[in-house]
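Asker: The structure is given below, and queries will be raised subsequently.
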Amino acid sequence: KFYQQFYTTLNAYNTANGTSFEMDIFESGNYLTASVKNYLAEFKKYPFFDSITNISVHSYAADTEERIRNNFSKFMDENYPDLKVSVTEYCVMQGGIDSSIDMGLFSATVIMRDLTMIDAVCWNFWLSVSVYDYEDGLVNWNMNAADGEESLSAEKRYYAMGHFSKFVEAGSVRIDASYSDTLGFNGVECVAFKKTDGSIALVVINDSSRSHKINIEGGYANVTEILTTEEENWKTSEYENAGSVTIPTNSIATYIF
């Protein structure tokens, strides 16, 4: 009932002010199928629902789980194929601050699987800046240092998210990226986009103890590589395309063709 009233008021505001604001639903705690099914069944009872083009969900409880995503995607495809999905909130629900590449790889995997398995059209982390001893910030602000000096530290998940948000701008379109490791035995996952300038961005995760070569078809002339490892953050290199790229062990890479 609240959403129906809000929608009516919002339309009146748009008409009076020449604006085109849209209403966003429904900011659920997660996209577990039962929760989504109940929400949408209730929303369908109201006239506003026919005008909704997008739902906003969270990745809490999903983490890197494939089954949850596959169930959600199947439900949406079968019942609401025209609704787009945005992931508007996620953080790692645990105490402490893990600055290692392992946490960066975990965070990147959550993002990538939301993009590829539930076809999310946008993705947001819970906090940009955190002041807590907790895994909920891209950047941590140490306000209570023993020496009295405050400091900011960008965690690996900040750089992990940047492989998508910094180098794949809004308006880019996800395209197919075929890779032979369909069963996921070697720890490599990827997602590709056509950027607004016509170039191609390929984001690759290598969560394994050995490097992997990926063949690149299409005759692209040059490659820009942005690499994050335990030691490096967004290390950038440019070279001629030799038909393949090699992603190092335990790393996140974005390749621009």
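Chain lettering (A, B, ...) mirrors the order of the structure tokens, residue numbering begins at 1 for each chain separately, and ligand numbering begins at 1 in order of display.
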What's around Ile256 (chain A) at 12 Å? Count only C-alpha atoms, leave out sequence neighbours fewer than 3 positions away in its own chain, and write the answer as a ChimeraX atom specification.
Answerer: /A:163-164,167-168,192-195,197-204,216,220-227,236-241,245,253
Asker: Just the residues within 7 Å of Asp207 (chain A), please, counting only C-alpha atoms, with nothing from its chain fewer than 5 positions along; format it as a list in words.
Answerer: Leu105, Gly187, Val188, Thr249, Asn250 and Ser251 of chain A
Asker: Would you return as an MDAnalysis selection string the members of region 26-242 of chain A that DSSP assigns to strand (DSSP E) on this structure's backbone?
Answerer: chainID A and resid 26 54:58 84:89 127:130 137:142 151:154 173:175 188:194 200:206 212:215 222:228 235:240
Asker: Considering only C-alpha atoms, can you say which of A:Asn186, A:Gln94, A:Thr88, A:Ser35 comes closest to Tyr134 (chain A)?
Answerer: A:Gln94
Asker: What gap, in Å, lies between CA of Met112 (chain A) and CA of Glu231 (chain A)?
Answerer: 22.1 Å
Asker: Could you give me, as a CSV table (one decimal) with N, CA and C atoms, in the first residue's frame, the residues within 6 Å of Arg157 (chain A), counting only C-alpha atoms and dropping anything in the same chain fewer than 6 positions from it?
Answerer:
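What ended up in around.csv:
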```
chain,number,residue,atom,x,y,z
A,104,GLY,N,40.0,-9.9,-1.8
A,104,GLY,CA,39.8,-9.2,-3.1
A,104,GLY,C,39.2,-10.2,-4.1
A,107,SER,N,35.6,-11.0,-3.2
A,107,SER,CA,34.7,-9.9,-3.5
A,107,SER,C,34.4,-9.8,-5.0
A,138,LEU,N,34.8,-0.5,1.5
A,138,LEU,CA,35.8,-0.5,0.5
A,138,LEU,C,37.1,0.2,0.9
```
Asker: Kindly indicate which residue among A:Lys1, A:Arg69, A:Lys213, A:Lys84 lies nearest to Thr246 (chain A), using only C-alpha atoms for the distances.
Answerer: A:Lys213
Asker: What does the structure give for the distance between CA of Asp82 (chain A) and CA of Asn70 (chain A), in Å to one decimal?
Answerer: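 CA of Asp82 (chain A) sits 17.3 Å away from CA of Asn70 (chain A).
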Asker: I want to know what sits within 10 Å of region 141-148 of chain A, based on only C-alpha atoms, with residues of the same chain fewer than 6 positions away left out; could you give that as a short mmCIF file (atom, residue, chain, number, x, y, z; two decimals) with N, CA and C atoms, in the first residue's frame?
Answerer:
```cif
data_model
loop_
_atom_site.label_atom_id
_atom_site.label_comp_id
_atom_site.auth_asym_id
_atom_site.auth_seq_id
_atom_site.Cartn_x
_atom_site.Cartn_y
_atom_site.Cartn_z
N VAL A 129 33.06 3.92 2.71
CA VAL A 129 34.02 4.17 3.79
C VAL A 129 33.46 3.63 5.10
N SER A 130 34.24 2.80 5.78
CA SER A 130 33.82 2.22 7.06
C SER A 130 34.74 2.70 8.18
N VAL A 131 34.19 2.86 9.38
CA VAL A 131 34.98 3.24 10.55
C VAL A 131 35.00 2.10 11.57
N TYR A 132 34.58 0.90 11.14
CA TYR A 132 34.44 -0.22 12.07
C TYR A 132 35.48 -1.31 11.77
N ASP A 133 35.75 -2.12 12.79
CA ASP A 133 36.61 -3.29 12.62
C ASP A 133 35.74 -4.43 12.09
N ALA A 154 42.72 1.76 1.63
CA ALA A 154 41.89 1.13 0.61
C ALA A 154 42.17 -0.38 0.64
#
```
Asker: So that I can see what lies close to Ser99 (chain A), please list as a list in words the residues with an atom at most 10 Å from it, counting only C-alpha atoms and leaving out residues fewer than 3 positions away in the same chain.
Answerer: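 Listing them by chain and then by number gives Gly96, Asp102, Met103, Gly104, Glu135, Ser153, Ala154, Glu155, Lys156, Arg157, Tyr158 and Glu230 of chain A.
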Asker: Show which residues sit within 10 Å of region 120-122 of chain A, as a PyMOL selection string. Count only C-alpha atoms, and ignore same-chain residues fewer than 5 positions away.
Answerer: chain A and resi 54+56-57+84-88+111-115+165+170-174
Asker: Write out, as a PDB file, in the first residue's frame, the residues just selected, with N, CA and C atoms.
Answerer:
```
ATOM      1  N   ASN A  54      12.313  -2.532 -13.091  1.00  0.00           N
ATOM      2  CA  ASN A  54      13.540  -2.954 -12.428  1.00  0.00           C
ATOM      3  C   ASN A  54      13.245  -3.287 -10.974  1.00  0.00           C
ATOM      4  N   SER A  56      15.308  -4.139  -7.199  1.00  0.00           N
ATOM      5  CA  SER A  56      16.593  -4.027  -6.515  1.00  0.00           C
ATOM      6  C   SER A  56      16.680  -5.077  -5.415  1.00  0.00           C
ATOM      7  N   VAL A  57      17.729  -5.871  -5.458  1.00  0.00           N
ATOM      8  CA  VAL A  57      17.906  -6.954  -4.494  1.00  0.00           C
ATOM      9  C   VAL A  57      19.296  -6.870  -3.886  1.00  0.00           C
ATOM     10  N   LYS A  84      14.276  -6.114 -15.068  1.00  0.00           N
ATOM     11  CA  LYS A  84      15.722  -6.087 -14.892  1.00  0.00           C
ATOM     12  C   LYS A  84      16.052  -6.156 -13.397  1.00  0.00           C
ATOM     13  N   VAL A  85      17.271  -6.614 -13.106  1.00  0.00           N
ATOM     14  CA  VAL A  85      17.682  -6.815 -11.716  1.00  0.00           C
ATOM     15  C   VAL A  85      18.908  -5.955 -11.404  1.00  0.00           C
ATOM     16  N   SER A  86      18.836  -5.202 -10.329  1.00  0.00           N
ATOM     17  CA  SER A  86      19.981  -4.460  -9.801  1.00  0.00           C
ATOM     18  C   SER A  86      20.357  -5.039  -8.449  1.00  0.00           C
ATOM     19  N   VAL A  87      21.651  -5.184  -8.209  1.00  0.00           N
ATOM     20  CA  VAL A  87      22.125  -5.571  -6.882  1.00  0.00           C
ATOM     21  C   VAL A  87      22.585  -4.293  -6.198  1.00  0.00           C
ATOM     22  N   THR A  88      21.854  -3.895  -5.171  1.00  0.00           N
ATOM     23  CA  THR A  88      22.086  -2.585  -4.571  1.00  0.00           C
ATOM     24  C   THR A  88      22.788  -2.636  -3.225  1.00  0.00           C
ATOM     25  N   ILE A 111      30.772 -10.192  -7.245  1.00  0.00           N
ATOM     26  CA  ILE A 111      30.340  -9.237  -8.266  1.00  0.00           C
ATOM     27  C   ILE A 111      30.160  -9.940  -9.607  1.00  0.00           C
ATOM     28  N   MET A 112      31.178 -10.712 -10.014  1.00  0.00           N
ATOM     29  CA  MET A 112      31.139 -11.339 -11.324  1.00  0.00           C
ATOM     30  C   MET A 112      29.977 -12.313 -11.449  1.00  0.00           C
ATOM     31  N   ARG A 113      29.710 -13.085 -10.412  1.00  0.00           N
ATOM     32  CA  ARG A 113      28.625 -14.063 -10.497  1.00  0.00           C
ATOM     33  C   ARG A 113      27.260 -13.388 -10.474  1.00  0.00           C
ATOM     34  N   ASP A 114      27.148 -12.232  -9.827  1.00  0.00           N
ATOM     35  CA  ASP A 114      25.897 -11.482  -9.918  1.00  0.00           C
ATOM     36  C   ASP A 114      25.701 -10.922 -11.327  1.00  0.00           C
ATOM     37  N   LEU A 115      26.769 -10.485 -11.949  1.00  0.00           N
ATOM     38  CA  LEU A 115      26.670  -9.955 -13.309  1.00  0.00           C
ATOM     39  C   LEU A 115      26.328 -11.049 -14.308  1.00  0.00           C
ATOM     40  N   SER A 165      34.048  -1.172 -11.930  1.00  0.00           N
ATOM     41  CA  SER A 165      33.458   0.169 -11.923  1.00  0.00           C
ATOM     42  C   SER A 165      34.368   1.237 -12.522  1.00  0.00           C
ATOM     43  N   ALA A 170      29.356   3.189 -16.929  1.00  0.00           N
ATOM     44  CA  ALA A 170      27.912   3.054 -17.096  1.00  0.00           C
ATOM     45  C   ALA A 170      27.549   3.172 -18.565  1.00  0.00           C
ATOM     46  N   GLY A 171      26.623   2.326 -18.999  1.00  0.00           N
ATOM     47  CA  GLY A 171      26.232   2.307 -20.408  1.00  0.00           C
ATOM     48  C   GLY A 171      26.891   1.199 -21.191  1.00  0.00           C
ATOM     49  N   SER A 172      27.904   0.549 -20.616  1.00  0.00           N
ATOM     50  CA  SER A 172      28.521  -0.601 -21.270  1.00  0.00           C
ATOM     51  C   SER A 172      27.529  -1.767 -21.281  1.00  0.00           C
ATOM     52  N   VAL A 173      27.659  -2.631 -22.268  1.00  0.00           N
ATOM     53  CA  VAL A 173      26.725  -3.750 -22.441  1.00  0.00           C
ATOM     54  C   VAL A 173      27.475  -5.058 -22.298  1.00  0.00           C
ATOM     55  N   ARG A 174      26.971  -5.952 -21.448  1.00  0.00           N
ATOM     56  CA  ARG A 174      27.629  -7.248 -21.278  1.00  0.00           C
ATOM     57  C   ARG A 174      27.451  -8.083 -22.535  1.00  0.00           C
TER      58      ARG A 174
END
```
Asker: Taking only C-alpha atoms into account, which of A:Ala160, A:Met76, A:Glu189, A:Asn14 comes nearest Ala177 (chain A)?
Answerer: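 Going through A:Ala160, A:Met76, A:Glu189, A:Asn14 one by one, the smallest distance to Ala177 (chain A) is for A:Glu189.
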Asker: Can you work out which one of A:Ile55, A:Gln4, A:Gly95, A:Phe49 has the shortest atom-to-atom distance to Phe26 (chain A), counting only C-alpha atoms?
Answerer: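 Among the listed residues, the smallest separation from Phe26 (chain A) belongs to A:Ile55.
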